Amino acid sequence: MTAGTPAASDATYVAGDPLVTYGASLRITGWNRAAEDLTGISAAEAMGRPCWEVVRGVDAQGKPVCRPGCPYGWLALQGHPTGRHDVVIRARGGPRRVTLHSIGARTAGGLSILHLIHVPPAAGKADRIEAGGEPLLTARQREVLALLCDGTSTSAIAGRLGVAEPTVRGHVRAILAALRCRSRIEAVAEARRAGIV
């Protein structure tokens, strides 16, 4: 992400999905209302605590994913895409399987990490990208959107798809317009909320 990326505090208000932000110390700096609803933990309780103490993510075998020295957090801090990773977290009403998307962002306060938490829809939910008034995206725009959701940079998307960076930026602008979003982070959140990718 570039210096033009919205501040993490801004992102917490535009994301429809649960969103957790933290800085280089891996202490929580942002906890939006959707995260409160999912976990039952208030922002006041979460702020300033190490993310692994609050999120408590484990893999399918119960092995801790969220822990001191979190590899996903450190990769994102170094600017590397981390992709998606499925974890089971402590949630309101008991453990819940979710997908974490870790994104590094430069903010006024320095480098921050955004953990977008996608709660999978009910089984059998159809892809709504062309149904019920959902925005219509081309196949290429869907590819670009999926790569954005993985935290892939513009230059990496261009390399992977074999197109020029201005072409990727054009696709991103079209995606933002179709989803009625102001930023890539907001588009990722909206795509996950709507079940588009």
# chains A, B, ... in the order shown; residues from 1 in each chain; ligands from 1
$ residues_around --residues "stretch 166-173 of chain A" --least-positions-apart "4" --cutoff "8 Å" --atoms "only C-alpha atoms" --output "list in words"
Arg140, Gln141, Val144, Leu145, Thr154, Ile157, Ala158, Ala177 and Arg184 of chain A
$ write_last_selection --atoms "C-alpha atoms" --output "PDB file, in the first residue's frame"
ATOM      1  CA  ARG A 140     -10.702  -9.628 -15.613  1.00  0.00           C
ATOM      2  CA  GLN A 141     -12.043  -7.254 -12.945  1.00  0.00           C
ATOM      3  CA  VAL A 144      -8.027  -8.192 -10.112  1.00  0.00           C
ATOM      4  CA  LEU A 145     -10.472  -7.990  -7.201  1.00  0.00           C
ATOM      5  CA  THR A 154      -0.470  -3.229  -8.324  1.00  0.00           C
ATOM      6  CA  ILE A 157      -1.006  -7.969 -10.195  1.00  0.00           C
ATOM      7  CA  ALA A 158       0.372  -6.573 -13.461  1.00  0.00           C
ATOM      8  CA  ALA A 177     -16.932   2.570  -9.195  1.00  0.00           C
ATOM      9  CA  ARG A 184      -9.093  -0.567  -2.203  1.00  0.00           C
TER      10      ARG A 184
END
$ residues_around --residues "A:Gly104" --least-positions-apart "6" --cutoff "8 Å" --atoms "only C-alpha atoms" --output "number ranges by chain"
A: 1, 76-80, 111-114
$ residues_around --residues "A:Ala34" --least-positions-apart "3" --cutoff "6 Å" --atoms "only C-alpha atoms" --output "list of chain:residue names"
A:Asp17, A:Pro18, A:Asp37
$ residues_around --residues "A:Arg192" --least-positions-apart "4" --cutoff "8 Å" --atoms "only C-alpha atoms" --output "MDAnalysis selection string"
chainID A and resid 17 118 188 196:197
$ write_last_selection --atoms "N, CA and C atoms" --output "PDB file, in the first residue's frame"
ATOM      1  N   ASP A  17     -17.136  -5.552   7.159  1.00  0.00           N
ATOM      2  CA  ASP A  17     -16.681  -6.751   7.848  1.00  0.00           C
ATOM      3  C   ASP A  17     -15.902  -6.369   9.099  1.00  0.00           C
ATOM      4  N   HIS A 118     -13.204 -12.153   7.477  1.00  0.00           N
ATOM      5  CA  HIS A 118     -14.359 -12.541   6.674  1.00  0.00           C
ATOM      6  C   HIS A 118     -15.038 -13.732   7.321  1.00  0.00           C
ATOM      7  N   VAL A 188     -12.320  -4.276  -0.836  1.00  0.00           N
ATOM      8  CA  VAL A 188     -12.090  -5.634  -0.327  1.00  0.00           C
ATOM      9  C   VAL A 188     -13.155  -5.986   0.710  1.00  0.00           C
ATOM     10  N   ILE A 196     -18.862 -11.622  -3.047  1.00  0.00           N
ATOM     11  CA  ILE A 196     -18.454 -11.545  -4.434  1.00  0.00           C
ATOM     12  C   ILE A 196     -17.229 -12.409  -4.705  1.00  0.00           C
ATOM     13  N   VAL A 197     -16.277 -12.431  -3.782  1.00  0.00           N
ATOM     14  CA  VAL A 197     -15.072 -13.250  -3.968  1.00  0.00           C
ATOM     15  C   VAL A 197     -14.901 -14.126  -2.738  1.00  0.00           C
TER      16      VAL A 197
END
$ closest_residue --among "A:Gly110, A:Pro81, A:Gly162, A:Gly94" --to "A:Thr39" --atoms "only C-alpha atoms"
A:Gly94
$ closest_residue --among "A:Leu147, A:Cys70, A:Val88, A:Leu26" --to "A:Gly57" --atoms "only C-alpha atoms"
A:Val88
$ atom_distance --atom1 "atom CA of A:Val119" --atom2 "atom CA of A:Arg160"
27.6 Å
$ closest_residue --among "A:His101, A:Arg180, A:Arg92, A:His85" --to "A:Leu38" --atoms "only C-alpha atoms"
A:Arg92
$ closest_residue --among "A:Val54, A:Val65, A:Ala43, A:Ala191" --to "A:Ile175" --atoms "only C-alpha atoms"
A:Ala191
$ residues_around --residues "A:Met47" --least-positions-apart "4" --cutoff "7 Å" --atoms "only C-alpha atoms" --output "ChimeraX atom specification"
/A:28-30,43
$ write_last_selection --atoms "N, CA and C atoms" --output "PDB file, in the first residue's frame"
ATOM      1  N   ILE A  28      -3.159  -3.857  19.350  1.00  0.00           N
ATOM      2  CA  ILE A  28      -4.340  -3.417  18.619  1.00  0.00           C
ATOM      3  C   ILE A  28      -4.506  -1.903  18.705  1.00  0.00           C
ATOM      4  N   THR A  29      -4.686  -1.286  17.530  1.00  0.00           N
ATOM      5  CA  THR A  29      -4.901   0.163  17.441  1.00  0.00           C
ATOM      6  C   THR A  29      -6.285   0.499  16.885  1.00  0.00           C
ATOM      7  N   GLY A  30      -6.995  -0.500  16.374  1.00  0.00           N
ATOM      8  CA  GLY A  30      -8.333  -0.277  15.845  1.00  0.00           C
ATOM      9  C   GLY A  30      -9.169  -1.542  15.946  1.00  0.00           C
ATOM     10  N   ALA A  43     -14.332  -2.502  21.904  1.00  0.00           N
ATOM     11  CA  ALA A  43     -13.111  -1.823  21.485  1.00  0.00           C
ATOM     12  C   ALA A  43     -12.302  -1.396  22.699  1.00  0.00           C
TER      13      ALA A  43
END
$ atom_distance --atom1 "atom CA of A:Leu137" --atom2 "atom CA of A:Ser153"
19.9 Å
$ atom_distance --atom1 "atom CA of A:His115" --atom2 "atom CA of A:Ala178"
23.8 Å
$ closest_residue --among "A:Leu161, A:Val58, A:Leu19, A:Ala44" --to "A:Glu143" --atoms "only C-alpha atoms"
A:Leu161
$ select_by_dssp --residues "stretch 9-169 of chain A" --states "helix (DSSP H, G or I)" --output "ChimeraX atom specification"
/A:9-14,33-39,43-46,51-55,71-77,139-149,154-161,165-169
$ write_last_selection --atoms "N, CA and C atoms" --output "compact mmCIF listing (two decimals), in the first residue's frame"
# COMPACT_ATOMS: atom_id res chain seq x y z
N SER A 9 -7.42 4.24 11.06
CA SER A 9 -8.61 4.66 11.80
C SER A 9 -9.76 4.97 10.86
N ASP A 10 -9.45 5.49 9.65
CA ASP A 10 -10.49 5.72 8.66
C ASP A 10 -11.08 4.39 8.20
N ALA A 11 -10.19 3.40 7.97
CA ALA A 11 -10.64 2.13 7.43
C ALA A 11 -11.61 1.42 8.38
N THR A 12 -11.44 1.62 9.69
CA THR A 12 -12.32 0.93 10.62
C THR A 12 -13.75 1.40 10.49
N TYR A 13 -13.97 2.57 9.92
CA TYR A 13 -15.33 3.06 9.80
C TYR A 13 -15.96 2.75 8.45
N VAL A 14 -15.16 2.39 7.44
CA VAL A 14 -15.74 2.11 6.13
C VAL A 14 -15.93 0.63 5.91
N ARG A 33 -16.86 -1.81 14.96
CA ARG A 33 -18.11 -2.29 15.57
C ARG A 33 -18.42 -3.71 15.13
N ALA A 34 -18.11 -4.05 13.87
CA ALA A 34 -18.37 -5.41 13.39
C ALA A 34 -17.52 -6.43 14.15
N ALA A 35 -16.28 -6.04 14.52
CA ALA A 35 -15.43 -6.93 15.33
C ALA A 35 -16.04 -7.11 16.72
N GLU A 36 -16.59 -6.03 17.26
CA GLU A 36 -17.27 -6.13 18.56
C GLU A 36 -18.45 -7.11 18.47
N ASP A 37 -19.24 -6.97 17.41
CA ASP A 37 -20.42 -7.83 17.24
C ASP A 37 -20.03 -9.29 17.09
N LEU A 38 -18.96 -9.54 16.33
CA LEU A 38 -18.53 -10.92 16.09
C LEU A 38 -17.98 -11.58 17.35
N THR A 39 -17.15 -10.85 18.08
CA THR A 39 -16.42 -11.46 19.20
C THR A 39 -17.08 -11.25 20.56
N ALA A 43 -14.33 -2.50 21.90
CA ALA A 43 -13.11 -1.82 21.48
C ALA A 43 -12.30 -1.40 22.70
N ALA A 44 -12.98 -0.95 23.75
CA ALA A 44 -12.27 -0.52 24.96
C ALA A 44 -11.47 -1.66 25.57
N GLU A 45 -12.01 -2.88 25.51
CA GLU A 45 -11.30 -4.05 26.04
C GLU A 45 -10.14 -4.47 25.14
N ALA A 46 -10.30 -4.28 23.83
CA ALA A 46 -9.30 -4.78 22.88
C ALA A 46 -8.13 -3.82 22.67
N CYS A 51 -2.51 -8.42 19.75
CA CYS A 51 -3.62 -8.97 18.96
C CYS A 51 -3.85 -10.45 19.25
N TRP A 52 -2.77 -11.21 19.51
CA TRP A 52 -2.96 -12.65 19.73
C TRP A 52 -3.71 -12.94 21.03
N GLU A 53 -3.64 -12.04 22.00
CA GLU A 53 -4.37 -12.24 23.26
C GLU A 53 -5.87 -12.07 23.06
N VAL A 54 -6.24 -11.26 22.09
CA VAL A 54 -7.65 -10.94 21.89
C VAL A 54 -8.28 -11.84 20.83
N VAL A 55 -7.63 -11.96 19.67
CA VAL A 55 -8.20 -12.73 18.57
C VAL A 55 -8.12 -14.23 18.85
N PRO A 71 3.68 -14.78 12.15
CA PRO A 71 4.32 -14.67 10.84
C PRO A 71 3.52 -13.83 9.85
N TYR A 72 2.19 -13.89 9.93
CA TYR A 72 1.38 -13.10 9.01
C TYR A 72 1.56 -11.60 9.28
N GLY A 73 1.56 -11.24 10.56
CA GLY A 73 1.77 -9.84 10.92
C GLY A 73 3.11 -9.32 10.47
N TRP A 74 4.15 -10.11 10.68
CA TRP A 74 5.49 -9.65 10.31
C TRP A 74 5.66 -9.59 8.80
N LEU A 75 5.09 -10.54 8.07
CA LEU A 75 5.14 -10.46 6.61
C LEU A 75 4.45 -9.20 6.11
N ALA A 76 3.27 -8.92 6.65
CA ALA A 76 2.53 -7.72 6.24
C ALA A 76 3.30 -6.46 6.58
N LEU A 77 3.96 -6.45 7.76
CA LEU A 77 4.77 -5.28 8.14
C LEU A 77 5.92 -5.05 7.18
N ALA A 139 -14.80 -10.49 -16.17
CA ALA A 139 -13.99 -11.59 -15.65
C ALA A 139 -12.62 -11.09 -15.21
N ARG A 140 -12.03 -10.16 -15.97
CA ARG A 140 -10.70 -9.63 -15.61
C ARG A 140 -10.80 -8.81 -14.33
N GLN A 141 -11.86 -8.03 -14.17
CA GLN A 141 -12.04 -7.25 -12.94
C GLN A 141 -12.21 -8.17 -11.75
N ARG A 142 -12.88 -9.31 -11.94
CA ARG A 142 -13.00 -10.29 -10.86
C ARG A 142 -11.62 -10.83 -10.47
N GLU A 143 -10.78 -11.09 -11.47
CA GLU A 143 -9.42 -11.57 -11.18
C GLU A 143 -8.65 -10.53 -10.38
N VAL A 144 -8.73 -9.27 -10.81
CA VAL A 144 -8.03 -8.19 -10.11
C VAL A 144 -8.56 -8.06 -8.69
N LEU A 145 -9.87 -8.11 -8.53
CA LEU A 145 -10.47 -7.99 -7.20
C LEU A 145 -10.01 -9.13 -6.29
N ALA A 146 -9.97 -10.35 -6.81
CA ALA A 146 -9.51 -11.49 -6.01
C ALA A 146 -8.06 -11.27 -5.56
N LEU A 147 -7.22 -10.74 -6.44
CA LEU A 147 -5.83 -10.48 -6.09
C LEU A 147 -5.73 -9.35 -5.06
N LEU A 148 -6.57 -8.34 -5.20
CA LEU A 148 -6.61 -7.28 -4.19
C LEU A 148 -6.97 -7.86 -2.83
N CYS A 149 -7.91 -8.79 -2.82
CA CYS A 149 -8.33 -9.42 -1.56
C CYS A 149 -7.21 -10.23 -0.94
N THR A 154 -0.17 -3.53 -6.92
CA THR A 154 -0.47 -3.23 -8.32
C THR A 154 0.57 -3.84 -9.24
N SER A 155 1.86 -3.67 -8.92
CA SER A 155 2.91 -4.20 -9.79
C SER A 155 2.87 -5.73 -9.84
N ALA A 156 2.58 -6.37 -8.70
CA ALA A 156 2.50 -7.83 -8.68
C ALA A 156 1.29 -8.33 -9.48
N ILE A 157 0.17 -7.60 -9.40
CA ILE A 157 -1.01 -7.97 -10.19
C ILE A 157 -0.67 -7.86 -11.68
N ALA A 158 -0.01 -6.77 -12.06
CA ALA A 158 0.37 -6.57 -13.46
C ALA A 158 1.25 -7.72 -13.94
N GLY A 159 2.24 -8.10 -13.12
CA GLY A 159 3.13 -9.20 -13.49
C GLY A 159 2.40 -10.52 -13.62
N ARG A 160 1.50 -10.78 -12.68
CA ARG A 160 0.79 -12.05 -12.68
C ARG A 160 -0.16 -12.16 -13.88
N LEU A 161 -0.81 -11.03 -14.24
CA LEU A 161 -1.79 -11.07 -15.32
C LEU A 161 -1.18 -10.74 -16.68
N GLU A 165 0.93 -1.81 -15.55
CA GLU A 165 0.39 -1.28 -14.30
C GLU A 165 -0.75 -0.28 -14.53
N PRO A 166 -0.66 0.62 -15.54
CA PRO A 166 -1.81 1.51 -15.76
C PRO A 166 -3.10 0.75 -16.08
N THR A 167 -2.98 -0.40 -16.72
CA THR A 167 -4.15 -1.23 -17.01
C THR A 167 -4.76 -1.74 -15.70
N VAL A 168 -3.90 -2.18 -14.80
CA VAL A 168 -4.38 -2.65 -13.50
C VAL A 168 -5.07 -1.51 -12.77
N ARG A 169 -4.45 -0.32 -12.77
CA ARG A 169 -5.07 0.82 -12.09
C ARG A 169 -6.44 1.16 -12.70
$ select_by_dssp --residues "chain A" --states "strand (DSSP E or B)" --output "VMD selection string"
chain A and resid 19 to 22 27 to 31 50 58 64 84 to 91 94 to 107 110 to 118
$ write_last_selection --atoms "C-alpha atoms" --output "CSV table (one decimal), in the first residue's frame"
chain,number,residue,atom,x,y,z
A,19,LEU,CA,-11.6,-5.2,11.0
A,20,VAL,CA,-8.7,-5.2,13.4
A,21,THR,CA,-5.7,-2.9,13.0
A,22,TYR,CA,-2.4,-2.9,14.8
A,27,ARG,CA,-0.8,-4.2,19.7
A,28,ILE,CA,-4.3,-3.4,18.6
A,29,THR,CA,-4.9,0.2,17.4
A,30,GLY,CA,-8.3,-0.3,15.8
A,31,TRP,CA,-11.3,-2.5,16.5
A,50,PRO,CA,-1.5,-7.7,21.8
A,58,VAL,CA,-6.1,-21.4,16.0
A,64,PRO,CA,-2.2,-21.4,17.7
A,84,ARG,CA,-5.9,-15.6,3.1
A,85,HIS,CA,-5.7,-17.9,6.0
A,86,ASP,CA,-8.5,-19.7,7.7
A,87,VAL,CA,-8.6,-19.7,11.5
A,88,VAL,CA,-10.9,-20.5,14.3
A,89,ILE,CA,-11.4,-17.5,16.7
A,90,ARG,CA,-13.1,-16.8,20.0
A,91,ALA,CA,-16.4,-15.4,19.0
A,94,GLY,CA,-18.4,-20.0,20.9
A,95,PRO,CA,-15.6,-20.7,18.4
A,96,ARG,CA,-16.1,-19.5,14.8
A,97,ARG,CA,-14.2,-20.3,11.6
A,98,VAL,CA,-13.3,-17.2,9.8
A,99,THR,CA,-10.8,-16.1,7.0
A,100,LEU,CA,-8.2,-13.5,7.9
A,101,HIS,CA,-6.8,-11.1,5.2
A,102,SER,CA,-3.7,-9.3,6.5
A,103,ILE,CA,-2.8,-6.0,4.6
A,104,GLY,CA,0.0,-3.7,5.3
A,105,ALA,CA,-0.8,0.1,5.1
A,106,ARG,CA,1.3,3.2,5.6
A,107,THR,CA,-0.6,5.6,7.8
A,110,GLY,CA,3.6,4.8,10.6
A,111,LEU,CA,3.1,1.3,9.3
A,112,SER,CA,-0.1,-0.5,10.3
A,113,ILE,CA,-1.5,-3.9,9.6
A,114,LEU,CA,-5.2,-4.4,8.9
A,115,HIS,CA,-6.7,-7.8,9.6
A,116,LEU,CA,-10.0,-8.0,7.7
A,117,ILE,CA,-12.0,-10.8,9.1
A,118,HIS,CA,-14.4,-12.5,6.7
